[in-house]
Amino acid sequence: MSTAAPLLAKDFKSDLKPIWCPGCGDFGVVAGLYRALAAIGRPPHEIAFVSGIGCSSRIPGYTTAYGFNTVHGRALPIAQGIKLARPELLVLCAGGDGDGFSIGGGHVPHAVRRNIDFTYIVMDNQVYGLTKGQLSPTSPKGLKTVTSVFGSIESPINPLLQVLSYGAGFVAQATPADMSGMTAILEEAIRYPGFAYVNVQSPCVTYGEDENDLKAHKTKMKSLSKMGHDPADYLKALELATHYGVELYTGVFYRNPNPPPTYDQQITERHAALAAGAPKRERVLDMFAQKP
Amino acid sequence: MSTAAPLLAKDFKSDLKPIWCPGCGDFGVVAGLYRALAAIGRPPHEIAFVSGIGCSSRIPGYTTAYGFNTVHGRALPIAQGIKLARPELLVLCAGGDGDGFSIGGGHVPHAVRRNIDFTYIVMDNQVYGLTKGQLSPTSPKGLKTVTSVFGSIESPINPLLQVLSYGAGFVAQATPADMSGMTAILEEAIRYPGFAYVNVQSPCVTYGEDENDLKAHKTKMKSLSKMGHDPADYLKALELATHYGVELYTGVFYRNPNPPPTYDQQITERHAALAAGAPKRERVLDMFAQKP
Amino acid sequence: MARDVVIGMAGSGGDGIVSAGESLISAAAAVGYHAMMSKSFGPQIRGGESSCRVRVSTHQVHGPGDALDLAVALNWDDFLKFGTELACGPASVVVYDSNTGIAPADIPLKGARPAQVFALPLTELTVAAAGTDKAKNSLILGLLSGWLGIGRDALLAGMRKRLGKKGPELLAANQRAFDAGHTCAMENPLIRGMLLEEPNVKPGSMMLADGNDMTGAGAVFAGVEFFGGYPITPSTEIMQFLGREIWKYGGVVLQAEDEIAGVGAAIGASFAGKKSMTATSGPGMALKTEMLGLATIAEIPLVLVNVQRGGPSTGLPTKTEQSDLFQACFSAHGDVMRPVLAPTSVGDCFRVTIEAFNIAEKYQTPVIVLSDQDIGHRKETIAPIDTSLFKVEQRLAPTEAQLENYARFAQTEDGISPMSKPGTPGGAYLCAGIEHNESGAPAANGAVHARMNDKRFRKFNSLVGRKDLFEVVGNPDAPLALIAWGSLAGVCREAQALAVEEGLHVKLFVPTLLYPINEDAYGEFLASVQAGLVVEQSHQGQLYRILRMQVDVPRGLKSLARDGANPIHSRDIVARLRELSANLHAPSSTTAQGISA
Amino acid sequence: MARDVVIGMAGSGGDGIVSAGESLISAAAAVGYHAMMSKSFGPQIRGGESSCRVRVSTHQVHGPGDALDLAVALNWDDFLKFGTELACGPASVVVYDSNTGIAPADIPLKGARPAQVFALPLTELTVAAAGTDKAKNSLILGLLSGWLGIGRDALLAGMRKRLGKKGPELLAANQRAFDAGHTCAMENPLIRGMLLEEPNVKPGSMMLADGNDMTGAGAVFAGVEFFGGYPITPSTEIMQFLGREIWKYGGVVLQAEDEIAGVGAAIGASFAGKKSMTATSGPGMALKTEMLGLATIAEIPLVLVNVQRGGPSTGLPTKTEQSDLFQACFSAHGDVMRPVLAPTSVGDCFRVTIEAFNIAEKYQTPVIVLSDQDIGHRKETIAPIDTSLFKVEQRLAPTEAQLENYARFAQTEDGISPMSKPGTPGGAYLCAGIEHNESGAPAANGAVHARMNDKRFRKFNSLVGRKDLFEVVGNPDAPLALIAWGSLAGVCREAQALAVEEGLHVKLFVPTLLYPINEDAYGEFLASVQAGLVVEQSHQGQLYRILRMQVDVPRGLKSLARDGANPIHSRDIVARLRELSANLHAPSSTTAQGISA
Ligand SMILES: Cc1ncc(C[n+]2csc(CCOP(=O)(O)OP(=O)(O)O)c2C)c(N)n1
Ligand SMILES: Cc1ncc(C[n+]2csc(CCOP(=O)(O)OP(=O)(O)O)c2C)c(N)n1
Ligand code: SF4
Ligand code: SF4
Ligand SMILES: [Mg+2]
Ligand SMILES: [Mg+2]
């Protein structure tokens with residue numbers, strides 16, 4: 001389905017000027033995504049890119065794909081509807097830690113278990129950026145913010161462990177401080193045939209980590225592949241994921257070596273099986289006939 | 001706070017006649033709960049019992065506690081509000097697999113990470129009972145129901161693994177087929193100082209397993225303690241939990257050997273620390289005075 | 001001979017009273033009668049009390065009827081639990097099981113004394129004939145067959161379908177019970193003849209369905225390709241129907257994790273270019289409202305069916321009410337206009353659902369269909385429908401030229417902008433819930449906002465004026481008026497006919513489009529009105545209030561509203577009309593909301 | 001000498017234009033002026049354009065004022081992005097940085113030519129005085145000090161607070177910039193004197209706050225013990241305020257995972273016996289409606305504040321609108337009546353929040369407070385409030401005798417039943433969203449439903465009749481009327497005063513209780529009305545529609561509604577009133593919704 005001329009990163013960049021703060025990690029994420037999409041080679045108009053609400057959720061507007069900047073926390077259901085309706089499209093979904101794991105947290109297990117073939121990218125900055133610095137579900141315990149002036153008294157969630165426990169076939173983590181690593185992970189995630197999750201550590205330089213911390217990612221991060229982790233080892237992936245918030249692992253935690261059929265594939269099979277027996281839509285009332 | 005005369009199971013039984021189907025597993029659950037509460041010894045009026053909507057969610061009405069039969073999927077937030085407002089109450093929360101892990105699934109990780117001291121009991125029957133037999137999030141793949149006449153094409157969620165991945169301090173499973181085992185687990189869960197989760201395999205004899213299957217639980221179940229499982233071993237608990245839907249383990253998967261302070265305790269400490277500096281409520285406007 | 005008989009029966013869960021009703025209506029339909037059947041249950045899932053109400057007639061029936069002609073009580077406890085749902089009157093014939101030990105003079109019916117009371121040994125006769133008391137419902141069918149004259153063959157056909165799988169012995173036993181019932185009927189003649197006149201419809205030409213199935217069928221006809229929803233009584237059967245049918249047409253039904261996800265997936269599918277739908281009831285609708293706002297501002301076609309039940313909150317989950325009209329029209333933040341339609345009968349669900357899809361696609365808007373538990377769950381016979389009369393609309397796509405420099409939300413004269421779908425080269429745009437300019441770029445400023453709000457309201461101008469979305473029954477100049485919607489429209493249709501029969505000058509207005517309000521249509525209808533009633537099944541009378549918002553309502557037009565699960569009988573309405581008529585002046589000072597000073 | 005000056009300033013994020021405004025209003029307040037300040041920003045979180053509008057006056061101000069008296073543009077791009085929010089008129093004085101290179105004759109203002117235009121070397125002067133261009137805002141403060149006559153000391157006090165931490169050098173540099181600005185003002189006198197008259201309030205007696213903080217303060221005063229919510233612009237500051245304050249009083253603020261959980265926790269806490277609250281804006285309110293229905297049927301006290309922003313959907317998240325009134329009144333399935341209140345100024349947020357708690361507790365009901373972004377975010381001076389005049393109500397608890405045989409939902413004459421709280425022996429009951437009888441047992445049948453609906457509506461009878469929940473300004477017999485609510489009420493107060501000044505016979509109605517409607521109060525007010533306007537910031541004019549639902553509205557009363565983020569000026573309203581006045585007849589045919597035929 002890809003077009004003849006090779007696509008370049010800039011083909012995926014839209015005319016809208018990002019209104020992110022200077023230095024925001026999300027600039028890196030969108031840049032990496034342009035490259036990953038160019039490598040994949042599907043033209044922008046065959047891509048549907050869905051997000052919720054948040055600074056990070058502005059990302060679809062900065063691409064040339066069909067973008068859908070929906071409402072807070074609901075990107076996943078909408079992305080699923082798109083993919084189920086049009087399995088031939090390349091579907092991407094993205095948003096923030098709050099969008100995905102606070103208000104939207106109830107949709108994640110179900111998006112995962114359905115195993116619909118699309119990629120979900122969370123720009124995890126451990127804070128609510130757009131609404132100006134409140135606690136997010138990944139904020140560390142004790143953090144003082146405008147909504148926790150005496151320090152937070154709740155433990156953060158662990159997005160990696162959660163998504164693994166939901167049974168996702170592809171789970172990875174990246175940071176825009178490592179642009180080539182992140183780009184490679186995004187590409188691999190998009191190519192994975194099934195639901196794929198990428199947690200991107202994308203700092204909020206205004207309310208969270210400052211710009212230097214972002215640069216420090218490069219020194220703090222530990223590459224899972226260099227550590228010798230076998231991404232086919234699910235139990236090990238669970239164990240490594242428990243270190244979220246302590247260690248900055250990058251790379252693939254888990255990739256199902258035998259990807260099961262996706263929901264969209266199963267639908268297509270069902271359609272093939274049932275199409276034959278169908279009356280015309282115009283004759284739908286026939287079933288109600290009451291013969292003596 | 002308990003009253004002088006020892007409490008009996010029947011002191012917790014209300015006058016409302018359960019409208020569950022004859023043979024429904026939930027009869028066993030409420031009976032076990034009466035016993036566990038009698039053992040604990042808090043009088044019924046010091047208990048607040050919250051549920052959502054579903055057959056299982058009718059349970060508070062069959063007890064003499066302050067019951068709150070709320071709306072579908074929202075028992076957990078309401079239970080948390082009660083406990084935070086009145087930490088001295090014994091708070092229980094209960095409902096079905098659909099109530100808890102479908103529509104209510106977004107509240108679970110947050111109830112867990114806050115570690116508020118109450119017990120959540122899910123009567124997991126792998127089906128929607130009250131609405132007459134649709135798929136539930138724990139229904140096995142392939143199941144045919146009124147909403148999946150050609151068979152379900154999505155994998156079930158794993159409630160045990162989920163709640164463990166959320167960081168719950170107490171996670172157990174029980175079946176009313178083993179009344180004394182279940183009663184002991186419920187009692188232990190209620191006594192655990194922090195958020196406690198009990199998954200009860202409570203069959204729906206009308207739309208799910210039939211009554212004989214319930215009896216068969218007794219032969220199929222494998223006691224974790226008899227298997228030698230150490231409930232302090234979190235990683236092992238994760239591994240065992242991955243067998244949900246295949247094996248019927250009963251007992252405690254995980255009990256945090258060093259329960260961290262609960263949210264309600266931390267609140268109480270904060271109150272003590274801040275009360276001294278407070279002006280009277282009547283003087284709240286003083287802070288806005290604009291002195292030259 | 002009778003033309004119209006209303007039968008009500010109640011027993012406990014195991015008595016099979018509802019399947020007796022099902023057999024009766026199937027048989028009646030098959031031989032050419034018009035019929036309607038509604039069921040009612042206690043709160044239990046299994047066991048507990050259950051009842052049904054079947055009306056059989058030689059002419060089209062529009063409502064469940066008033067007091068019962070024939071009441072069958074397998075036991076009084078269960079029967080009485082249904083209260084006014086199984087109201088008896090002075091003309092009723094009552095049959096009950098003599099094993100209740102209650103003397104005919106002591107039956108615990110409040111109010112009017114029935115015309116005739118039979119204490120029959122129903123259980124005893126069944127055991128004697130069938131060797132088991134499990135065949136009581138077949139005995140009752142036999143009784144009804146005898147009294148109503150609906151043939152043995154037709155009735156046994158249904159029974160065979162139901163019991164065939166359970167083996168020939170059981171079937172034979174039930175047939176014996178049936179015959180015993182028939183004999184019993186012959187031995188116990190009614191003082192009011194209920195033997196039905198011959199039907200005047202060709203046998204085998206009638207359809208039989210309930211409202212939820214007809215809604216599903218309408219959706220299939222209109223081309224639904226995606227359904228996302230979450231089970232909730234009394235709407236679930238729509239999802240279940242489509243779950244059986246939609247796959248055959250390449251469509252998808254998603255049972256989502258909750259109502260928000262259900263409507264969200266439907267919005268996604270519609271954005272992707274497919275005709276999409278969701279269905280729910282009040283509580284689910286409450287959860288969907290944020291998403292509906294998104295569909296409004298992002299101009300995404302969507303059909304939402306709300307099969308209303310009693311509220312507020314969990315309320316009365318299995319009982320009918322018309323109290324979600326405010327919610328349908330106004331549950332949105334910001335300025336929102338979205339069409340609300342209501343079917344008035346089972347058959348009408350088909351038409352209204354098709355209409356809803358057409359409006360959704362044409363105007364790129366969410367459309368709400370307000371069905372109700374009564375219509376959704378009751379079965380009705382439906383005369384053949386000429387489906388070739390229904391148009392199916394498609395949404396407006398951009399032309400090649402428009403794609404040159406595509407502006408998704410382009411200002412057009414009628415406010416409707418061509419909508420591209422993913423996959424179309426040149427058609428990519430940012431779809432968003434935030435205010436945006438014509439090209440879709442976020443632009444949260446006052447000037448853009450005013451312009452886009454105007455567009456989003458203006459586009460409905462041509463819808464509001466449609467004359468085919470309401471019906472006036474009776475003499476358009478009549479001074480007395482009824483206005484009714486949804487399941488109450490049928491009751492009012494019968495009330496209007498009865499009232500005219502007794503000489504009252506009454507007309508009836510039935511809107512399919514409840515909102516936005518067609519001011520001209522109401523204005524014309526109300527011009528001659530001096531008094532009347534807006535008849536609704538709710539506490540507040542919500543349509544009455546909404547009419548006042550938009551239309552100059554004559555002061556003589558009042559609200560007749562009754563809380564859900566309390567039936568409104570056509571005869572009660574006629575009685576009210578009679579009073580209004582008696583107080584009528586000369587038809588001079590018909591008036592309005594206000595007069596310019 | 002001037003009594004009232006409106007200043008508007010715009011620049012880009014780093015220019016500190018908003019903190020200049022903050023210093024100005026603090027200084028003005030401290031020395032005894034009345035003042036109001038609103039801020040406005042572009043969509044960026046950091047950087048981007050920002051602006052503020054400060055009004056300083058010797059008398060109480062009720063609105064942000066009309067066209068600017070003094071406009072300060074650090075650059076034209078940013079200034080113009082605010083459009084009508086910073087409208088200039090023929091009397092405006094405009095100051096801008098001459099480094100923009102634009103000649104005074106060419107400034108890009110649309111419409112009226114300003115009275116005086118200064119192109120001043122603002123950046124150059126700042127650099128010369130302070131050695132950095134980062135002190136431009138101090139230079140501007142100096143300019144304003146010179147022109148308005150607000151003292152150096154007062155202005156420098158604010159600056160010191162702001163910059164003190166950054167070291168003495170920076171502070172000194174900014175003081176030099178201030179002085180340079182002051183000198184510059186002296187060298188460039190205004191053709192329209194803006195030197196303020198002496199304030200007539202004792203220095204140091206004024207409070208200064210924004211609406212969200214005053215809402216939080218009202219809640220603390222009323223005894224709030226639990227807040228559950230989720231951040232959303234423009235309401236978040238209420239949660240943030242309580243997050244600082246509530247703990248001191250043994251209360252709890254829970255930042256929940258979403259809006260449903262936030263209101264759910266608050267309902268739980270209220271069930272447990274604590275005064276509870278949540279706050280949100282339109283999208284969050286949409287999510288909370290199912291829970292509100294639960295609070296209605298389960299009769300649980302709850303205060304919900306909706307600080308309105310532009311809709312639908314994400315809409316205009318940072319701009320004001322009054323378009324959530326339909327949502328507040330009607331977003332519920334089933335028949336629901338819940339009080340809706342609106343504050344009309346920053347100070348009024350205190351009163352209305354206390355009132356909301358009192359009503360919630362007394363009537364055991366959710367109460368909605370409709371604030372708006374304008375009031376929520378703007379700062380105002382507030383004259384001292386005598387808090388001893390406010391009563392604080394507690395919910396009705398059962399007596400010992402009532403606990404003997406406790407019925408939570410007992411029928412009482414006024415419909416209010418004593419509510420027990422967990423921990424009370426004998427007080428245990430089942431609280432439920434399903435319809436229930438007096439004792440709380442589920443009872444989903446028509447008779448119980450009708451009775452309980454009646455109770456739930458009847459209990460508001462005494463609320464609806466309260467005369468202290470609306471205000472009539474002006475001659476009660478005037479033939480011209482304004483009706484306004486929320487932030488528009490202040491604008492209309494000024495319009496009414498202006499109109500009366502020029503001889504128009506205008507009165508104003510300001511309801512605190514928007515719903516349910518006090519029919520008598522409106523009826524009395526409207527009796528003499530021949531023409532008028534219901535002034536609202538929305539597309540549809542929602543209060544106007546709701547009034548028509550319930551009240552006989554004279555035909556001459558029209559809706560004046562403008563979409564959000566488009567200011568309505570008091571002078572425009574006066575112009576409309578002038579027209580209406582010109583068309584007035586003799587005060588004969590004042591009329592109504594309908595006249596009995
Ligand atoms: C229903 C609803 N609730 C709340 C909001 C306000 N809101 C917008 S974005 C956001 C959180 C943003 O945090 P996150 O998702 O982590 O994204 P970030 O800005 O950090 O990238 C919130 C609370 C909203 N728009 N809608
Ligand atoms: C908002 C809302 N959506 C849907 C429903 C309908 N509903 C009631 S209970 C239920 C599911 C019941 O399943 P489960 O929670 O597993 O409980 P069970 O009956 O099996 O014990 C549903 C879908 C509702 N009452 N409210
Ligand atoms: S507020 Fe934070 S997350 Fe948002 S754009 Fe700025 S730096 Fe990025
Ligand atoms: S339907 Fe199932 S879950 Fe519900 S009461 Fe009956 S057996 Fe129990
Ligand atoms: Mg974030
Ligand atoms: Mg279940």
# chains A, B, ... in the order shown; residues from 1 in each chain; ligands from 1

call {"tool": "residues_near_ligand", "arguments": {"ligand": "ligand 2", "cutoff": "7 Å", "atoms": "only C-alpha atoms and all ligand atoms", "output": "PyMOL selection string"}}
result
(chain B and resi 53-57+71-72+95-100+123-131+136+204) or (chain C and resi 230-233+258-259+283-284+287+314)

call {"tool": "interface_residues", "arguments": {"of": "chain A", "to": "chain C", "cutoff": "7 Å", "atoms": "only C-alpha atoms", "output": "PDB file with C-alpha atoms, in the first residue's frame"}}
result
ATOM      1  CA  HIS A  45      -3.203   9.709   4.643  1.00  0.00           C
ATOM      2  CA  GLU A  46      -3.314   6.020   5.474  1.00  0.00           C
ATOM      3  CA  ALA A  48      -5.095   7.660  11.775  1.00  0.00           C
ATOM      4  CA  GLY A  61      -1.911  17.888  15.039  1.00  0.00           C
ATOM      5  CA  THR A  64       0.187  15.061   8.435  1.00  0.00           C
ATOM      6  CA  ALA A  65      -1.858  11.995   9.351  1.00  0.00           C
ATOM      7  CA  TYR A  66      -5.609  12.029   9.878  1.00  0.00           C
ATOM      8  CA  GLY A  67      -5.493  13.336  13.435  1.00  0.00           C
ATOM      9  CA  PHE A  68      -8.111  13.011  16.120  1.00  0.00           C
ATOM     10  CA  ASN A  69      -7.524  15.004  19.266  1.00  0.00           C
ATOM     11  CA  THR A  70     -10.401  13.605  21.296  1.00  0.00           C
ATOM     12  CA  VAL A  71     -11.315  14.153  24.935  1.00  0.00           C
ATOM     13  CA  PRO A  77     -11.665   3.465  22.749  1.00  0.00           C
ATOM     14  CA  ILE A  78     -11.736   5.823  19.795  1.00  0.00           C
ATOM     15  CA  ALA A  79      -8.563   4.353  18.320  1.00  0.00           C
ATOM     16  CA  GLN A  80     -10.052   0.882  18.655  1.00  0.00           C
ATOM     17  CA  GLY A  81     -13.215   1.937  16.886  1.00  0.00           C
ATOM     18  CA  ILE A  82     -11.178   3.283  14.007  1.00  0.00           C
ATOM     19  CA  ALA A  85     -13.924  -0.182  11.322  1.00  0.00           C
ATOM     20  CA  ARG A  86     -10.975   0.111   8.960  1.00  0.00           C
ATOM     21  CA  HIS A 110      -9.470  -3.882  27.587  1.00  0.00           C
ATOM     22  CA  HIS A 271     -16.749 -11.704   7.930  1.00  0.00           C
ATOM     23  CA  LEU A 274     -20.635 -15.241   7.469  1.00  0.00           C
ATOM     24  CA  ALA A 275     -20.934 -13.117   4.342  1.00  0.00           C
ATOM     25  CA  ALA A 278     -26.510 -13.010   4.505  1.00  0.00           C
ATOM     26  CA  ARG A 281     -29.976  -5.483   4.000  1.00  0.00           C
ATOM     27  CA  GLU A 282     -33.249  -4.588   2.287  1.00  0.00           C
ATOM     28  CA  VAL A 284     -33.837  -7.716   6.957  1.00  0.00           C
ATOM     29  CA  LEU A 285     -37.501  -7.741   7.933  1.00  0.00           C
ATOM     30  CA  PHE A 288     -40.062 -11.401  11.505  1.00  0.00           C
ATOM     31  CA  ALA A 289     -42.619 -12.985   9.186  1.00  0.00           C
ATOM     32  CA  GLN A 290     -45.170 -14.951  11.172  1.00  0.00           C
ATOM     33  CA  LYS A 291     -46.260 -17.922   9.122  1.00  0.00           C
ATOM     34  CA  PRO A 292     -49.195 -19.980  10.349  1.00  0.00           C
TER      35      PRO A 292
END

call {"tool": "closest_residue", "arguments": {"among": "D:Arg46, D:Arg578, D:Lys362, D:His62", "to": "ligand 3", "atoms": "only C-alpha atoms and all ligand atoms"}}
result
D:Arg46

call {"tool": "select_by_dssp", "arguments": {"residues": "stretch 443-591 of chain C", "states": "strand (DSSP E)", "output": "PyMOL selection string"}}
result
chain C and resi 470-473+480-484+506-511+513-515+531-536+557-561

call {"tool": "residues_around", "arguments": {"residues": "stretch 39-43 of chain B", "least_positions_apart": "4", "cutoff": "10 Å", "atoms": "only C-alpha atoms", "output": "PyMOL selection string"}}
result
(chain B and resi 1-9+11-12+33-35+47+64-65+89-90+183-184+187-188+190-191) or (chain D and resi 423+425)

call {"tool": "residues_around", "arguments": {"residues": "D:Ala73", "least_positions_apart": "6", "cutoff": "12 Å", "atoms": "only C-alpha atoms", "output": "MDAnalysis selection string"}}
result
chainID D and resid 7:12 15 17 49:53 79:82 86 88 93:100 102 107:109 117:123 136:137 140

call {"tool": "closest_residue", "arguments": {"among": "C:Val574, C:Ala332, C:Val369, C:Leu526", "to": "chain D", "atoms": "only C-alpha atoms"}}
result
C:Ala332

call {"tool": "closest_atom_pairs", "arguments": {"of": "chain B", "to": "chain A", "cutoff": "8 Å", "atoms": "only C-alpha atoms", "output": "Markdown table"}}
result
| residue | atom | partner | partner_atom | distance |
| --- | --- | --- | --- | --- |
| B:Ser102 | CA | A:Gly106 | CA | 7.7 |
| B:Ile103 | CA | A:Gly106 | CA | 7.4 |
| B:Gly104 | CA | A:Gly106 | CA | 7.1 |
| B:Gly105 | CA | A:Gly106 | CA | 4.9 |
| B:Gly106 | CA | A:Gly106 | CA | 3.3 |
| B:His107 | CA | A:Gly106 | CA | 7.1 |
| B:Pro109 | CA | A:Ile157 | CA | 7.1 |
| B:His110 | CA | A:Ile157 | CA | 7.7 |
| B:Arg113 | CA | A:Ser155 | CA | 5.3 |
| B:Arg114 | CA | A:Glu154 | CA | 4.8 |
| B:Asn115 | CA | A:Glu154 | CA | 7.5 |
| B:Ile153 | CA | A:Tyr263 | CA | 6.6 |
| B:Glu154 | CA | A:Arg114 | CA | 4.8 |
| B:Ser155 | CA | A:Arg113 | CA | 5.3 |
| B:Pro156 | CA | A:Arg113 | CA | 6.6 |
| B:Ile157 | CA | A:Tyr166 | CA | 6.5 |
| B:Asn158 | CA | A:Tyr166 | CA | 7.1 |
| B:Leu161 | CA | A:Ser165 | CA | 5.9 |
| B:Gln162 | CA | A:Ser165 | CA | 5.7 |
| B:Ser165 | CA | A:Gln162 | CA | 5.7 |
| B:Tyr166 | CA | A:Ile157 | CA | 6.5 |
| B:Leu235 | CA | A:Glu239 | CA | 7.0 |
| B:Glu239 | CA | A:Leu235 | CA | 7.0 |
| B:Tyr263 | CA | A:Ile153 | CA | 6.6 |
| B:Gln266 | CA | A:Ile153 | CA | 7.1 |
